[in-house]
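One structure is given here, and the rest of the page talks about it.
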Amino acid sequence: MYTSPPLIGLKKDSSKNYLNSTLQCLSQTQPLTNYFLKKTIEELNKTILGANDNDFPISNGYYELIQKLWSTKENASSFSSKHLNKRIEKKIKGNILDLDQPGAYKEFIIFILNNINNELKKHIKNKEINIKEPKNKYNRENAFYHYLNDFAKSLSIISDVFTGHIEITSSCSNCQRLFFSKSQFSYSYTKFNYLIFPLEEINKFNNNYVTLDDCFEYNQKEKLTYCEDCHYCTSRKTSKIFVAPNNLILILDRGKENLSDVKLKIEKTYDITRFVFCQEKVVYNLYAVLTHFDQNHFVALCKNPVDSKWYKFDDETIEQTNVNEVINFDYPDILFFTKDKASK
């Protein structure tokens with residue numbers, strides 16, 4: 001049991017200091033960190049699917065990182081994350097991922113989440129979700145439960161903590177003319193562990209300053225797209241969060257070179273109820289922010305789950321800050337939220 005947070009920094013081993021800052025943000029995600037703290041390395045290795053000594057699983061390296069960051073026995077004020085970094089380098093060889101690009105912070109967090117999820121996912125048979133009726137995309141309930149049945153076959157700690165579900169509603173005017181018996185709307189579903197907001201696109205009419213409401217409204221606005229049934233670009237499609245995740249990650253895309261100077265207002269508490277299908281109140285509390293001062297200098301601003309105080313992690317340097325200073329940063333890159341207890 002912690003009486004005070006073990007504040008430990010990460011040594012700067014390369015020019016990519018967004019690696020350290022992103023890892024510090026993720027480490028403040030309490031349920032994810034607790035998962036790795038409660039396991040032994042032997043238990044974790046048994047969980048990793050199909051892993052062998054040559055696979056260099058990311059989960060193994062992340063486990064070591066968390067054990068050190070949250071160790072009450074760690075005497076050093078900082079340590080190197082090179083063990084995890086070497087595994088990352090091994091994994092991305094032959095991959096199109098380029099961690100040296102200025103805007104690679106986006107790809108890095110996606111890479112980490114996807115790898116841990118794929119390594120730790122487990123097959124679960126849920127008899128209660130087994131649907132006997134054929135899949136019918138014109139029936140909302142039927143379509144969702146068929147999707148949920150597939151989703152339940154591969155779950156992990158990542159899906160427990162970060163996964164939400166999106167409903168995509170389509171309406172094709174051409175199909176309605178061709179097939180009079182069809183319902184007006186068809187439904188499909190997809191999962192997400194993060195949402196990406198292209199700030200330059202959202203900013204077009206906002207004078208270089210956007211809000212989270214602007215981002216969500218852009219994300220859910222109606223789009224004209226290709227219809228898979230009649231093969232004409234006559235389908236109108238809208239997306240809405242169907243089930244909100246326990247922890248919400250918002251990635252703010254500032255372009256390939258990370259040069260966009262669009263400002264975004266950070267909210268310490270954010271109500272997304274109107275963007276979610278269910279009518280129950282869904283409120284999130286901010287607990288971490290990845291932000292940059294220039295292309296190559298990122299810091300993590302995190303609310304520690306032990307003492308509820310805010311800290312700035314700048315590689316090996318850790319300084320206490322406060323939430324008012326955090327929300328006044330104009331150029332955040334990734335926002336981390338956790339559901340308010342009243343919403344769960």
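Ordered as shown in the structure tokens, chains take letters A, B, and onward, while each chain numbers its residues from 1 and ligands are numbered from 1 in the order shown.
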Margin query: Considering only alpha helix (DSSP H) as DSSP defines it on the backbone, what residues of range 210-279 of chain A qualify? List them as number ranges by chain.
Written below: A: 212-219
message = Using only C-alpha atoms, which protein or nucleic acid residues come within 9 Å of Phe293 in chain A? Drop anything in the same chain fewer than 5 positions from it, and give the result as JSON, numbers by chain.
response = {"A": [298, 299, 331]}
Can you pull out the residues contacting Leu290 in chain A? Cut-off 10 Å, using only C-alpha atoms, and skip same-chain residues under 4 positions away; I want them as a ChimeraX atom specification.
/A:18,21-25,105,251-252,298-302,312-313,331-336
Mind running range 129-223 of chain A against range 59-64 of chain A at 12 Å and telling me each contacting residue's nearest atom pair with the distance in Å (one decimal), counting only C-alpha atoms, chain and number ascending, as a Markdown table?
| residue | atom | partner | partner_atom | distance |
| --- | --- | --- | --- | --- |
| A:Ser156 | CA | A:Ser59 | CA | 11.8 |
| A:Ile157 | CA | A:Ser59 | CA | 11.1 |
| A:Ile158 | CA | A:Ser59 | CA | 11.2 |
So that I have them on file, write out the residues from the current selection with C-alpha atoms, as a CSV table (one decimal), in the first residue's frame.
chain,number,residue,atom,x,y,z
A,156,SER,CA,-7.7,-8.3,-22.8
A,157,ILE,CA,-6.8,-5.8,-20.1
A,158,ILE,CA,-6.7,-3.2,-22.9
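For Thr269 in chain A, the list of residues within 8 Å, based on only C-alpha atoms and with local chain neighbours fewer than 3 positions off taken out, reads Val283, Tyr284, Asn285 and Leu286 of chain A.
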Preceding selection exported with N, CA, C and O atoms as a PDB file, in the first residue's frame:
ATOM      1  N   VAL A 283     -19.651  11.191 -17.776  1.00  0.00           N
ATOM      2  CA  VAL A 283     -18.732  12.291 -17.469  1.00  0.00           C
ATOM      3  C   VAL A 283     -17.337  11.721 -17.249  1.00  0.00           C
ATOM      4  O   VAL A 283     -17.171  10.678 -16.602  1.00  0.00           O
ATOM      5  N   TYR A 284     -16.334  12.416 -17.787  1.00  0.00           N
ATOM      6  CA  TYR A 284     -14.949  11.987 -17.637  1.00  0.00           C
ATOM      7  C   TYR A 284     -14.138  13.035 -16.881  1.00  0.00           C
ATOM      8  O   TYR A 284     -14.394  14.231 -16.994  1.00  0.00           O
ATOM      9  N   ASN A 285     -13.147  12.528 -16.126  1.00  0.00           N
ATOM     10  CA  ASN A 285     -12.207  13.396 -15.422  1.00  0.00           C
ATOM     11  C   ASN A 285     -10.811  13.243 -16.035  1.00  0.00           C
ATOM     12  O   ASN A 285     -10.347  12.127 -16.255  1.00  0.00           O
ATOM     13  N   LEU A 286     -10.177  14.361 -16.302  1.00  0.00           N
ATOM     14  CA  LEU A 286      -8.826  14.364 -16.881  1.00  0.00           C
ATOM     15  C   LEU A 286      -7.817  13.840 -15.862  1.00  0.00           C
ATOM     16  O   LEU A 286      -7.858  14.209 -14.686  1.00  0.00           O
TER      17      LEU A 286
END
- [ ] Would you kindly return, as number ranges by chain, each protein, DNA or RNA residue with an atom no farther than 10 Å from any atom of Thr238 in chain A, considering only C-alpha atoms and excluding same-chain residues fewer than 3 positions away?
- [x] A: 167-171, 219-224, 235
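Comparing A:Gln67, A:Ser4, A:Thr211, A:Asn115 by their smallest distance to Arg87 in chain A, the closest is A:Asn115 (using only C-alpha atoms).
Among the candidates A:Ser80, A:Lys303, A:Lys16, A:Ile66, the one nearest to Lys38 in chain A when counting only C-alpha atoms is A:Ile66.
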Shortest contact to Asn139 in chain A, candidates A:Asn34, A:Gln101, A:Gln184, A:Gly164, atoms counted only C-alpha atoms, goes to A:Gln184
Report task. Do a neighbour search on Asn136 in chain A at 12 Å with only C-alpha atoms, toss out local chain neighbours closer than 6 positions, and write the hits as a list of chain:residue names. Result -> A:Asn142, A:Ala143, A:Phe144, A:Tyr145, A:His146, A:Tyr147, A:Lys182, A:Ser183, A:Phe185, A:Ser186, A:Tyr187, A:Ser188
**Report entry** Residue list (strand (DSSP E), DSSP) for range 100-338 of chain A, as a ChimeraX atom specification
**Finding:** /A:164-172,186-192,195-198,209-210,223-225,235-243,247-253,263-264,269-271,283-294,297-303,310-314,317-321,332-338
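Reported to one decimal place, the separation of CA of Ile266 in chain A from CA of Tyr287 in chain A is 11.5 Å.
Minimum atom-to-atom distances from A:Leu69, A:Ala104, A:Cys233, A:Val276 to Ile166 in chain A were compared using only C-alpha atoms, and the lowest value belongs to A:Val276.
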**Item:** Contact residues around Ile318 in chain A with only C-alpha atoms at 8 Å, ignoring same-chain residues under 3 positions, as a PyMOL selection string
**Value:** chain A and resi 7-9+311-315
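Here CA of Glu200 in chain A and CA of Val243 in chain A stand 27.4 Å from one another.
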Using only C-alpha atoms, the best pick from A:Asn45, A:Ser159, A:Thr33, A:Asn85 as closest to Asp13 in chain A would be A:Asn85
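Compared by their closest atoms to Leu250 in chain A, and using only C-alpha atoms, the residues A:Leu120, A:Cys172, A:Leu199, A:Ile92 rank with A:Leu199 nearest.
With CA of Lys90 in chain A on one side and CA of Lys106 in chain A on the other, the separation reads 19.0 Å.
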